[in-house]
Amino acid sequence: MIVDKAVEALAEWTIEVDPQWDGLRDCQGLTPIEYAEAHRDGLAIAVPKGDRIAALVRRLAVTGQTPSWRDHGPIYRRTIKGANGKPLWFRMINAAAGPGLPAVPCEVDGRNPKTRRPYPGAYHKQYLDPSPAILLAERIEYQAWALALHSLASTLERRLSRFFVVPCTVPVWPWEGEEMRQPGRVLLSLAPKGDCAQAEEGA
């Protein structure tokens, strides 16, 4: 009953990530914008799960599993393509926002439908496949689980007077080499030359 109450208390936890928290420090090749977007989107995916920490601890204790934190292989930059398989063109224009309001930048189709050629200044857009935000969300969930176990061990050590509670040894930052002292893993690799060549050919 003491253990059950300690686990149940985890249901009051919420996930709040410090702005300086970095879950992709072992990644190489991300631009500052990609880095910021991955953290923003990853946090948005993970935060709604904050009230499920108690259930997560119970489920993983029963199944003997741990949350995933490892990378899922290389992440590639791929060009956004249309239904015909050719890269899409985009451009920025100043669109009217309404009477008396200043124009606002707006991204629109960058291909001229009459000439079927891109407008001057048009550009291609790329995306990361798979998105590092998914990996980041998993790492947030993993760290919440790890911190919960450390908290439980500390709490139960004080409350279970007739039992010896083994200190929690679950690593909190395993992707930074904390687990078995492994070096940081490279998450991002650039798209292979073949993919780039296809994009240039389609242009």
# chains A, B, ... in the order shown; residues from 1 in each chain; ligands from 1
call {"tool": "closest_atom_pairs", "arguments": {"of": "stretch 18-137 of chain A", "to": "stretch 161-171 of chain A", "cutoff": "12 Å", "atoms": "only C-alpha atoms", "output": "Markdown table"}}
result
| residue | atom | partner | partner_atom | distance |
| --- | --- | --- | --- | --- |
| A:Thr66 | CA | A:Val170 | CA | 9.9 |
| A:Pro67 | CA | A:Val170 | CA | 11.6 |
| A:Trp69 | CA | A:Pro171 | CA | 11.2 |
call {"tool": "write_last_selection", "arguments": {"atoms": "C-alpha atoms", "output": "PDB file, in the first residue's frame"}}
result
ATOM      1  CA  THR A  66      11.961   1.093 -20.519  1.00  0.00           C
ATOM      2  CA  PRO A  67      10.907   4.056 -22.673  1.00  0.00           C
ATOM      3  CA  TRP A  69      15.489   7.151 -26.066  1.00  0.00           C
TER       4      TRP A  69
END
call {"tool": "residues_around", "arguments": {"residues": "stretch 36-39 of chain A", "least_positions_apart": "6", "cutoff": "10 Å", "atoms": "only C-alpha atoms", "output": "ChimeraX atom specification"}}
result
/A:17,19,21-24,30,45,128,131-137,140
call {"tool": "atom_distance", "arguments": {"atom1": "atom CA of A:Lys86", "atom2": "atom CA of A:Glu107"}}
result
18.9 Å
call {"tool": "closest_residue", "arguments": {"among": "A:Val7, A:Gln143, A:Pro120, A:Leu156", "to": "A:Arg59", "atoms": "only C-alpha atoms"}}
result
A:Val7
call {"tool": "atom_distance", "arguments": {"atom1": "atom CA of A:Tyr123", "atom2": "atom CA of A:Pro105"}}
result
15.3 Å
call {"tool": "residues_around", "arguments": {"residues": "A:Leu147", "least_positions_apart": "5", "cutoff": "12 Å", "atoms": "only C-alpha atoms", "output": "MDAnalysis selection string"}}
result
chainID A and resid 10 13 15 53:54 57 140:142 152:154 168:173
call {"tool": "closest_residue", "arguments": {"among": "A:Ile33, A:Ala96, A:Ala55, A:Ala103", "to": "A:Asp4", "atoms": "only C-alpha atoms"}}
result
A:Ala55
call {"tool": "select_by_dssp", "arguments": {"residues": "chain A", "states": "alpha helix (DSSP H)", "output": "ChimeraX atom specification"}}
result
/A:2-8,32-46,53-63,132-159,193-202
call {"tool": "closest_residue", "arguments": {"among": "A:Ala9, A:Phe90, A:Gly42, A:Arg78", "to": "A:Ala122", "atoms": "only C-alpha atoms"}}
result
A:Phe90
call {"tool": "select_by_dssp", "arguments": {"residues": "stretch 59-94 of chain A", "states": "strand (DSSP E)", "output": "PyMOL selection string"}}
result
chain A and resi 76-79+90-94
